[in-house]
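Structure, as structure tokens:
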Amino acid sequence: MSIHPPGLGEVGRRRFAAVLFDLDGTLIDSTSAVVGSWHLWALERGLPGMPIEIPHGVPARQVLAGLVPAEEIESAFARIEALEIGQLDGITVLPGAVDALAAVPADRAAIVTSGTPPLVRARLGVTGLPAPPLVITPDDVPRGKPDPAPYRLAAERLGLDPRDCLVVEDAGAGLTSGRAAGCTTLALTTTHTAGELVHYAPDALIGCLADVRLEVVDGAVRVVPAG
């Protein structure tokens, strides 16, 4: 489907059992740290075609599979992870993120990220973001985003049907993952334009989490315009 003009549409009339949040680009702004780390790694390796294009929201090992020989993926991954953990300056909480997390009961929320557990801990620690107990990383699934496995697992661990869950994402890989898992998808234009995101057929499209308010009514989560 295409979303024009952007807005909540049918999502604003739905009720959800849980909200599954992406992390980077959805709850926190880490773009400069990610880009800087990958470009430094590429310079260290002398890769041609700088700057390299990094598929946003895809686990590092899956990205590296297209950049280095198979036998070098693990060493390259270890270096990338170390660089990203070392670049925490400037990582901030995105508008509306704290309020959105606070509005959803802890047993009805999850973070589903392509970041590794050490990287997630580092970024949550530096931002002070109050994360829900359930955090799904690439270590938990055989294949990360855009595969549906991460969001399916999040719903399963919450004891819910994915069709009753809302996925909040900023990137095509995550929107594809959430949609394929059977979830409803809410896209944010925090790292990509609306024109880029409509290609992934989100069910709704807004600027950032500050544009909406999450509220619990009769045990279900609804999304309403802020204000």
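In the structure tokens, the first chain shown is A, the next is B, and so on; residue numbers restart at 1 for each chain, and ligands run from 1 in the order shown.
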
*Excluding Arg108 of chain A and any residue of its chain fewer than 3 positions from it, enumerate the residues within 8 Å of it, using only C-alpha atoms, and give them as a list in words.*
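Residues meeting the cut-off are Ala17, Ala18, Val19, Val104, Pro105 and Leu158 of chain A.
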
*Looking only at alpha helix (DSSP H) from DSSP on the backbone, list the matching residues of segment 56-227 of chain A as a PyMOL selection string.*
chain A and resi 60-64+73-86+97-103+117-127+149-157+172-181+194-197

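One distance worth recording is that between atom CA of Ala173 of chain A and atom CA of Glu196 of chain A, which is 12.0 Å.
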
*asked:* Would you compute the distance between atom CA of Leu134 of chain A and atom CA of Gly178 of chain A? Give it in Å to one decimal.
replied: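 Distance reported for this atom pair: 16.5 Å.
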
_Could you list, as a PyMOL selection string, every residue within 10 Å of segment 54-67 of chain A, counting only C-alpha atoms and ignoring same-chain residues fewer than 3 positions away?_
chain A and resi 22-25+31+34-35+38-39+42+47+51+70-74+76-78+80-81+113-116+137-139+143-147+169-175+191-192

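Our summary of the geometry notes that atom CA of Arg179 of chain A is positioned 13.9 Å from atom CA of Leu205 of chain A.
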
*Filtered DSSP result for segment 3-221 of chain A, state strand (DSSP E or B), as an MDAnalysis selection string*: chainID A and resid 7 16 18:21 24 28:29 92:93 109:112 135:136 165:169 184:188 204:206 212:217 220:221

Based on the selection just made, write N, CA and C atoms of those residues as a short mmCIF file (atom, residue, chain, number, x, y, z; two decimals), in the first residue's frame.
data_model
loop_
_atom_site.label_atom_id
_atom_site.label_comp_id
_atom_site.auth_asym_id
_atom_site.auth_seq_id
_atom_site.Cartn_x
_atom_site.Cartn_y
_atom_site.Cartn_z
N GLY A 7 0.47 9.76 7.84
CA GLY A 7 -0.40 9.87 9.00
C GLY A 7 -0.67 8.51 9.60
N PHE A 16 -3.81 -2.63 20.12
CA PHE A 16 -2.70 -3.58 20.02
C PHE A 16 -2.40 -4.21 21.37
N ALA A 18 0.62 -5.36 22.10
CA ALA A 18 2.00 -5.00 22.47
C ALA A 18 2.58 -4.08 21.41
N VAL A 19 3.65 -3.40 21.79
CA VAL A 19 4.40 -2.54 20.87
C VAL A 19 5.85 -3.03 20.86
N LEU A 20 6.36 -3.29 19.66
CA LEU A 20 7.71 -3.79 19.46
C LEU A 20 8.53 -2.68 18.80
N PHE A 21 9.50 -2.15 19.53
CA PHE A 21 10.27 -1.00 19.07
C PHE A 21 11.62 -1.43 18.51
N ASP A 24 17.91 1.67 17.19
CA ASP A 24 18.68 2.72 16.52
C ASP A 24 17.85 3.37 15.42
N ILE A 28 16.69 5.84 19.69
CA ILE A 28 17.91 6.63 19.87
C ILE A 28 18.49 7.03 18.52
N ASP A 29 19.23 8.13 18.52
CA ASP A 29 19.93 8.58 17.32
C ASP A 29 21.39 8.20 17.43
N THR A 92 22.01 10.07 21.27
CA THR A 92 20.97 10.72 22.08
C THR A 92 19.64 9.99 21.95
N VAL A 93 18.75 10.25 22.90
CA VAL A 93 17.40 9.70 22.86
C VAL A 93 16.57 10.55 21.90
N ALA A 109 5.82 -4.79 25.88
CA ALA A 109 6.77 -4.04 25.05
C ALA A 109 8.04 -4.85 24.87
N ALA A 110 8.74 -4.56 23.78
CA ALA A 110 10.03 -5.18 23.52
C ALA A 110 10.84 -4.25 22.63
N ILE A 111 12.16 -4.38 22.72
CA ILE A 111 13.07 -3.76 21.76
C ILE A 111 13.59 -4.88 20.87
N VAL A 112 13.51 -4.67 19.57
CA VAL A 112 13.96 -5.64 18.58
C VAL A 112 14.99 -4.94 17.71
N VAL A 135 14.51 -7.77 25.19
CA VAL A 135 15.29 -7.18 24.10
C VAL A 135 15.74 -8.32 23.19
N ILE A 136 15.35 -8.26 21.94
CA ILE A 136 15.72 -9.28 20.96
C ILE A 136 16.87 -8.73 20.11
N CYS A 165 0.35 -7.20 17.32
CA CYS A 165 1.47 -6.36 17.74
C CYS A 165 1.73 -5.23 16.75
N LEU A 166 2.15 -4.10 17.29
CA LEU A 166 2.55 -2.95 16.47
C LEU A 166 4.07 -2.86 16.47
N VAL A 167 4.66 -2.82 15.29
CA VAL A 167 6.10 -2.62 15.13
C VAL A 167 6.37 -1.17 14.80
N VAL A 168 7.32 -0.55 15.52
CA VAL A 168 7.70 0.84 15.26
C VAL A 168 9.13 0.82 14.72
N GLU A 169 9.31 1.32 13.50
CA GLU A 169 10.58 1.19 12.78
C GLU A 169 10.91 2.43 11.98
N THR A 184 1.49 -5.18 12.44
CA THR A 184 1.18 -3.87 11.87
C THR A 184 2.43 -3.01 12.01
N THR A 185 2.73 -2.18 11.01
CA THR A 185 3.97 -1.40 11.04
C THR A 185 3.71 0.10 11.04
N LEU A 186 4.44 0.78 11.91
CA LEU A 186 4.41 2.24 12.00
C LEU A 186 5.81 2.74 11.66
N ALA A 187 5.93 3.49 10.57
CA ALA A 187 7.22 3.98 10.11
C ALA A 187 7.48 5.39 10.61
N LEU A 188 8.75 5.65 10.95
CA LEU A 188 9.20 6.97 11.39
C LEU A 188 10.19 7.53 10.37
N ALA A 204 1.31 2.84 8.62
CA ALA A 204 1.20 4.26 8.98
C ALA A 204 2.59 4.87 8.93
N LEU A 205 2.62 6.19 8.78
CA LEU A 205 3.89 6.90 8.60
C LEU A 205 3.82 8.25 9.30
N ILE A 206 4.76 8.47 10.24
CA ILE A 206 4.82 9.73 10.98
C ILE A 206 6.27 10.21 11.04
N VAL A 212 3.04 11.28 18.24
CA VAL A 212 1.90 10.49 18.69
C VAL A 212 1.97 10.29 20.21
N ARG A 213 0.87 9.77 20.73
CA ARG A 213 0.82 9.40 22.14
C ARG A 213 0.32 7.96 22.23
N LEU A 214 1.03 7.14 22.97
CA LEU A 214 0.58 5.77 23.21
C LEU A 214 -0.18 5.75 24.53
N GLU A 215 -1.31 5.09 24.53
CA GLU A 215 -2.08 5.00 25.75
C GLU A 215 -2.72 3.63 25.86
N VAL A 216 -2.91 3.19 27.09
CA VAL A 216 -3.50 1.89 27.34
C VAL A 216 -4.97 2.07 27.73
N VAL A 217 -5.83 1.42 26.99
CA VAL A 217 -7.28 1.49 27.22
C VAL A 217 -7.82 0.07 27.30
N ALA A 220 -5.43 -2.66 26.26
CA ALA A 220 -4.88 -2.63 24.91
C ALA A 220 -4.21 -1.27 24.65
N VAL A 221 -3.22 -1.28 23.78
CA VAL A 221 -2.49 -0.07 23.45
C VAL A 221 -3.08 0.57 22.20
#

*For each of A:Ala97, A:Arg14, A:Gly207, A:Ala106, take the minimum atom-to-atom distance to Leu27 of chain A, counting only C-alpha atoms, then give the residue where this is smallest.*
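The answer is A:Ala97, which sits nearest to Leu27 of chain A.
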
_With only C-alpha atoms as the counted atoms, please give the residues lying no more than 8 Å from Pro95 of chain A, apart from itself and same-chain residues fewer than 5 positions off, as an MDAnalysis selection string._
chainID A and resid 27 208:210

*If we count only C-alpha atoms, what is near segment 82-91 of chain A at a cut-off of 7 Å, once residues fewer than 5 positions away on the same chain are taken out, given as a PyMOL selection string?*
chain A and resi 28-30+33-34+37+119+122-123+127

Write out the residues from the selection above, keeping N, CA and C atoms, as a tab-separated table (two decimals), in the first residue's frame.
chain	number	residue	atom	x	y	z
A	28	ILE	N	16.69	5.84	19.69
A	28	ILE	CA	17.91	6.63	19.87
A	28	ILE	C	18.49	7.03	18.52
A	29	ASP	N	19.23	8.13	18.52
A	29	ASP	CA	19.93	8.58	17.32
A	29	ASP	C	21.39	8.20	17.43
A	30	SER	N	21.79	7.21	16.65
A	30	SER	CA	23.18	6.74	16.66
A	30	SER	C	23.79	6.76	15.26
A	33	ALA	N	27.48	7.74	14.77
A	33	ALA	CA	28.40	6.75	15.33
A	33	ALA	C	28.50	5.52	14.45
A	34	VAL	N	27.37	5.07	13.92
A	34	VAL	CA	27.36	3.90	13.05
A	34	VAL	C	28.13	4.18	11.76
A	37	SER	N	31.91	4.57	12.40
A	37	SER	CA	32.58	3.31	12.70
A	37	SER	C	32.80	2.47	11.45
A	119	LEU	N	26.70	-3.98	22.35
A	119	LEU	CA	26.46	-2.67	21.77
A	119	LEU	C	25.15	-2.07	22.31
A	122	ALA	N	25.77	-0.82	25.79
A	122	ALA	CA	26.54	0.41	25.78
A	122	ALA	C	25.68	1.61	25.41
A	123	ARG	N	24.85	1.46	24.39
A	123	ARG	CA	24.03	2.59	23.95
A	123	ARG	C	22.89	2.89	24.91
A	127	THR	N	22.74	6.54	27.06
A	127	THR	CA	21.55	7.39	26.91
A	127	THR	C	20.66	7.37	28.14

*Could you name the residues that touch Val141 of chain A at 10 Å or less, counting only C-alpha atoms, but leaving out those on the same chain fewer than 6 positions away, as a ChimeraX atom specification?*
/A:147-153

With C-alpha atoms retained, export the selected residues as a PDB file, in the first residue's frame.
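After the write, result_16.pdb holds the following:
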ATOM      1  CA  ASP A 147      13.900 -11.718   7.925  1.00  0.00           C
ATOM      2  CA  PRO A 148      10.682 -11.933  10.012  1.00  0.00           C
ATOM      3  CA  ALA A 149      12.339 -14.050  12.729  1.00  0.00           C
ATOM      4  CA  PRO A 150      13.205 -11.200  15.144  1.00  0.00           C
ATOM      5  CA  TYR A 151       9.691  -9.795  15.367  1.00  0.00           C
ATOM      6  CA  ARG A 152       8.081 -13.231  15.405  1.00  0.00           C
ATOM      7  CA  LEU A 153      10.296 -14.191  18.339  1.00  0.00           C
TER       8      LEU A 153
END
